[in-house]
Structures are given as C-alpha cells and as structure tokens.
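Trainee: First the structure, then my questions, so here it is.
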Amino acid sequence: MLQTTPASDPVAIPHAEGVSNEEFRDAMSRLAAGVVLVTAHDDDAGPRGEDVGMTATAFMSVSLDPPLVLVSLRNGSRMDDLLAEQPLWGVSVLSESQRHIAGRFAMKGRVSDRLLFEDIPYTRGEVSGALLVRGALATLECRTEQRIEAGDHMLVIGRVLSVGLPSADGGPLAYFRGRYRQLG
C-alpha cells in the first residue's frame, strides 16, 4: 500500500524490510564512534602523486593475531577507488583537539585534498607513504588484505604494518548524534 502525504510534510517510507533510511540513521547516530583520518598516496596522480584523505567513524579493530583493522568506505568514493588500486594506507586516530581536521576531510564535493593538508602538521609514513597527522592519539600504516562489498559500502580489511603512538595528551574525538564530541 502506497501512502501519500502533502509535499510539506514528507513521511519516510520504510524499505520492504520495514526500516527506513531515516530510522536506521537515527538509531545508528546513538552509537558513539571514534573518529579517524584515513589517508593514502596516489602515485598515479601527476609527477609527484597526490595525497588523499577522508574522515571515518566506521573504523574498528578486527584481529590481534594477525593485527587487522576494518574501515567502511562509501562505494565509488575517491578513497574507495584509490584503495582498490593502492594497497597501502594510513590511519590517524584523532584527538579531541583535532575536530577541525575531521570536519575538513568530511566535506563532500571537494575538488582536491592538496589544500586541505596544507596547514596540518604531518609526517609521511615510512611503510605506506601516506600522510599521518602529528598529535594524533595513534597512527597505523596498513596494507589491504580483503575488500568486502556490503550494501552501498566497501569494507576494507587492512593488516597493520606499523603503529605509532605520537601523543598521549588529550582524549579521543568522538562522533555522537551527528556531531563531534569530547568525552567527559
């Protein structure tokens, strides 16, 4: 049965399974998540290549032996396309003082990441060549082990090749109910 309502009062129509996008998004917004910056270097983009970054909250540890992590990427996103070709990437676990970095790399429709990295202190990972944010709570360099298509996202499982603990100061940056938050 199709319901119609006036255009001024849209009602979310559930999927066949009974959960609308809006309901699902609202439920998942109540799950606090850590915030990371995923980075990779695209060697094929010009003579010196190009550094690419994206903010992610769907990031988790998968295994201790071997050390594996998982990041969820939107299908067809710049990072998804790059990691389909480039197996090496980096992760910076952002601190509460790095909210501006998370917001900057979460912007949709940006043309180039070059300017976004311009005033952020970073080092280049020795293993991956990816940019790693200075002052992050932790950094990881990874190599893709597996890619799993899951709905409108790609789950990328990476073997952790190196770990850095550049900063013990401050708490983690968290994402809850559609906003960046601090613990405490």
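As shown in the structure tokens, the chain order sets the letters A, B, ...; within each chain, residues go from 1, and ligands are also counted from 1 in the order they appear.
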Could you build a table of the residues in segment 64-110 of chain A lying no more than 6 Å from segment 145-158 of chain A, giving for each the nearest pair of atoms and their separation in Å rounded to one decimal place, using only C-alpha atoms, ordered by chain and ascending residue number, as JSON lines?
Mentor:
```
{"residue": "A:Leu68", "atom": "CA", "partner": "A:Gly158", "partner_atom": "CA", "distance": 5.5}
{"residue": "A:Val69", "atom": "CA", "partner": "A:Gly158", "partner_atom": "CA", "distance": 5.4}
{"residue": "A:Leu70", "atom": "CA", "partner": "A:Ile157", "partner_atom": "CA", "distance": 4.4}
{"residue": "A:Val71", "atom": "CA", "partner": "A:Val156", "partner_atom": "CA", "distance": 5.4}
{"residue": "A:Ser72", "atom": "CA", "partner": "A:Leu155", "partner_atom": "CA", "distance": 4.6}
{"residue": "A:Leu73", "atom": "CA", "partner": "A:Met154", "partner_atom": "CA", "distance": 5.1}
{"residue": "A:Arg74", "atom": "CA", "partner": "A:His153", "partner_atom": "CA", "distance": 4.4}
{"residue": "A:Asn75", "atom": "CA", "partner": "A:His153", "partner_atom": "CA", "distance": 4.8}
```
Trainee: Could you save those same residues with all heavy atoms as a PDB file, in the first residue's frame?
Mentor:
```pdb
ATOM      1  N   LEU A  68      44.708  -6.789  12.495  1.00  0.00           N
ATOM      2  CA  LEU A  68      43.854  -6.353  11.388  1.00  0.00           C
ATOM      3  C   LEU A  68      42.892  -5.275  11.859  1.00  0.00           C
ATOM      4  O   LEU A  68      42.416  -5.314  12.998  1.00  0.00           O
ATOM      5  CB  LEU A  68      43.032  -7.528  10.829  1.00  0.00           C
ATOM      6  CG  LEU A  68      43.782  -8.718  10.265  1.00  0.00           C
ATOM      7  CD1 LEU A  68      42.810  -9.842   9.902  1.00  0.00           C
ATOM      8  CD2 LEU A  68      44.603  -8.318   9.044  1.00  0.00           C
ATOM      9  N   VAL A  69      42.610  -4.324  10.973  1.00  0.00           N
ATOM     10  CA  VAL A  69      41.604  -3.294  11.210  1.00  0.00           C
ATOM     11  C   VAL A  69      40.653  -3.269  10.025  1.00  0.00           C
ATOM     12  O   VAL A  69      40.948  -3.819   8.957  1.00  0.00           O
ATOM     13  CB  VAL A  69      42.239  -1.894  11.415  1.00  0.00           C
ATOM     14  CG1 VAL A  69      43.054  -1.848  12.694  1.00  0.00           C
ATOM     15  CG2 VAL A  69      43.076  -1.493  10.212  1.00  0.00           C
ATOM     16  N   LEU A  70      39.504  -2.618  10.213  1.00  0.00           N
ATOM     17  CA  LEU A  70      38.497  -2.508   9.164  1.00  0.00           C
ATOM     18  C   LEU A  70      38.040  -1.065   9.067  1.00  0.00           C
ATOM     19  O   LEU A  70      37.824  -0.419  10.090  1.00  0.00           O
ATOM     20  CB  LEU A  70      37.306  -3.408   9.491  1.00  0.00           C
ATOM     21  CG  LEU A  70      36.111  -3.378   8.549  1.00  0.00           C
ATOM     22  CD1 LEU A  70      35.468  -4.763   8.504  1.00  0.00           C
ATOM     23  CD2 LEU A  70      35.074  -2.355   8.966  1.00  0.00           C
ATOM     24  N   VAL A  71      37.900  -0.584   7.841  1.00  0.00           N
ATOM     25  CA  VAL A  71      37.301   0.726   7.606  1.00  0.00           C
ATOM     26  C   VAL A  71      36.208   0.543   6.558  1.00  0.00           C
ATOM     27  O   VAL A  71      36.354  -0.246   5.621  1.00  0.00           O
ATOM     28  CB  VAL A  71      38.351   1.786   7.167  1.00  0.00           C
ATOM     29  CG1 VAL A  71      38.983   1.453   5.831  1.00  0.00           C
ATOM     30  CG2 VAL A  71      37.728   3.177   7.162  1.00  0.00           C
ATOM     31  N   SER A  72      35.112   1.252   6.725  1.00  0.00           N
ATOM     32  CA  SER A  72      33.995   1.194   5.795  1.00  0.00           C
ATOM     33  C   SER A  72      34.018   2.433   4.916  1.00  0.00           C
ATOM     34  O   SER A  72      34.025   3.554   5.417  1.00  0.00           O
ATOM     35  CB  SER A  72      32.673   1.124   6.580  1.00  0.00           C
ATOM     36  OG  SER A  72      31.573   1.065   5.697  1.00  0.00           O
ATOM     37  N   LEU A  73      34.044   2.203   3.578  1.00  0.00           N
ATOM     38  CA  LEU A  73      34.111   3.294   2.601  1.00  0.00           C
ATOM     39  C   LEU A  73      32.873   3.277   1.721  1.00  0.00           C
ATOM     40  O   LEU A  73      32.428   2.209   1.308  1.00  0.00           O
ATOM     41  CB  LEU A  73      35.346   3.118   1.702  1.00  0.00           C
ATOM     42  CG  LEU A  73      36.684   2.907   2.394  1.00  0.00           C
ATOM     43  CD1 LEU A  73      37.759   2.576   1.363  1.00  0.00           C
ATOM     44  CD2 LEU A  73      37.056   4.123   3.205  1.00  0.00           C
ATOM     45  N   ARG A  74      32.343   4.446   1.435  1.00  0.00           N
ATOM     46  CA  ARG A  74      31.197   4.540   0.534  1.00  0.00           C
ATOM     47  C   ARG A  74      31.631   4.085  -0.861  1.00  0.00           C
ATOM     48  O   ARG A  74      32.657   4.523  -1.374  1.00  0.00           O
ATOM     49  CB  ARG A  74      30.658   5.967   0.494  1.00  0.00           C
ATOM     50  CG  ARG A  74      29.376   6.132  -0.308  1.00  0.00           C
ATOM     51  CD  ARG A  74      28.811   7.553  -0.237  1.00  0.00           C
ATOM     52  NE  ARG A  74      29.784   8.614  -0.055  1.00  0.00           N
ATOM     53  CZ  ARG A  74      30.493   9.159  -1.054  1.00  0.00           C
ATOM     54  NH1 ARG A  74      30.349   8.743  -2.277  1.00  0.00           N
ATOM     55  NH2 ARG A  74      31.340  10.138  -0.797  1.00  0.00           N
ATOM     56  N   ASN A  75      30.865   3.177  -1.477  1.00  0.00           N
ATOM     57  CA  ASN A  75      31.166   2.704  -2.833  1.00  0.00           C
ATOM     58  C   ASN A  75      31.303   3.890  -3.773  1.00  0.00           C
ATOM     59  O   ASN A  75      30.481   4.806  -3.763  1.00  0.00           O
ATOM     60  CB  ASN A  75      30.060   1.784  -3.366  1.00  0.00           C
ATOM     61  CG  ASN A  75      30.099   0.408  -2.752  1.00  0.00           C
ATOM     62  OD1 ASN A  75      31.118  -0.020  -2.223  1.00  0.00           O
ATOM     63  ND2 ASN A  75      28.980  -0.286  -2.814  1.00  0.00           N
TER      64      ASN A  75
END
```
Trainee: When you look at segment 49-66 of chain A with a cut-off of 8 Å (counting only C-alpha atoms), what residues show up, excluding the ones that are within fewer than 2 positions of it in the same chain? I need them as a ChimeraX atom specification.
Mentor: /A:33-47,68-72,79,102-103,105-106,113-114,130-131,159,175
Trainee: Can you pull out the residues contacting segment 134-139 of chain A? Cut-off 6 Å, using only C-alpha atoms, and skip same-chain residues under 6 positions away; I want them as a short mmCIF file (atom, residue, chain, number, x, y, z; two decimals) with N, CA, C and O atoms, in the first residue's frame.
Mentor:
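Wrote it out as result.cif, contents follow:
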```cif
data_model
loop_
_atom_site.label_atom_id
_atom_site.label_comp_id
_atom_site.auth_asym_id
_atom_site.auth_seq_id
_atom_site.Cartn_x
_atom_site.Cartn_y
_atom_site.Cartn_z
N VAL A 91 46.22 5.51 8.89
CA VAL A 91 45.11 5.93 9.75
C VAL A 91 45.68 6.76 10.89
O VAL A 91 46.66 6.36 11.53
N SER A 92 45.08 7.91 11.15
CA SER A 92 45.42 8.74 12.30
C SER A 92 44.20 8.79 13.22
O SER A 92 43.13 9.23 12.79
N VAL A 93 44.34 8.30 14.44
CA VAL A 93 43.26 8.33 15.43
C VAL A 93 43.25 9.74 16.02
O VAL A 93 44.18 10.13 16.74
N LEU A 94 42.21 10.51 15.69
CA LEU A 94 42.19 11.93 16.03
C LEU A 94 41.87 12.18 17.50
O LEU A 94 41.05 11.49 18.11
N SER A 95 42.51 13.21 18.04
CA SER A 95 42.26 13.63 19.42
C SER A 95 41.16 14.69 19.43
O SER A 95 40.81 15.25 18.39
N PRO A 121 50.00 19.74 10.50
CA PRO A 121 51.31 19.10 10.73
C PRO A 121 51.20 17.59 10.55
O PRO A 121 50.32 16.96 11.12
N TYR A 122 52.07 17.03 9.74
CA TYR A 122 52.03 15.60 9.46
C TYR A 122 53.43 15.07 9.19
O TYR A 122 54.37 15.82 8.99
N VAL A 163 52.78 0.83 13.83
CA VAL A 163 51.95 1.59 14.77
C VAL A 163 52.81 2.69 15.37
O VAL A 163 53.98 2.46 15.70
N GLY A 164 52.24 3.87 15.49
CA GLY A 164 52.90 4.96 16.19
C GLY A 164 51.99 5.49 17.28
O GLY A 164 50.77 5.50 17.11
N LEU A 165 52.58 5.89 18.38
CA LEU A 165 51.83 6.48 19.50
C LEU A 165 52.41 7.86 19.77
O LEU A 165 53.07 8.09 20.78
N SER A 167 51.13 10.76 20.59
CA SER A 167 50.63 11.66 21.63
C SER A 167 49.77 10.89 22.62
O SER A 167 48.91 10.12 22.24
#
```
Trainee: So, with only C-alpha atoms as the atoms that count, which of A:Ser162, A:Gln182, A:Ser20, A:Gln86 lies closest to Val127 of chain A?
Mentor: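 Between A:Ser162, A:Gln182, A:Ser20, A:Gln86, the residue approaching Val127 of chain A most closely is A:Ser162.
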Trainee: According to DSSP computed on the backbone, where in segment 31-88 of chain A is there helix (DSSP H, G or I)? Give the residues as a PyMOL selection string.
Mentor: chain A and resi 78-85
Trainee: Please, which residues of segment 62-176 of chain A, numbered as in this document, come out strand (DSSP E or B) from DSSP, as a PyMOL selection string?
Mentor: chain A and resi 62-63+68-74+88-93+95+122-124+131-133+138-150+153-164+172-176
Trainee: Pick from A:Pro166, A:Arg179, A:Ser128, A:Asp81: nearest to Ser29 of chain A, with only C-alpha atoms counted?
Mentor: A:Arg179
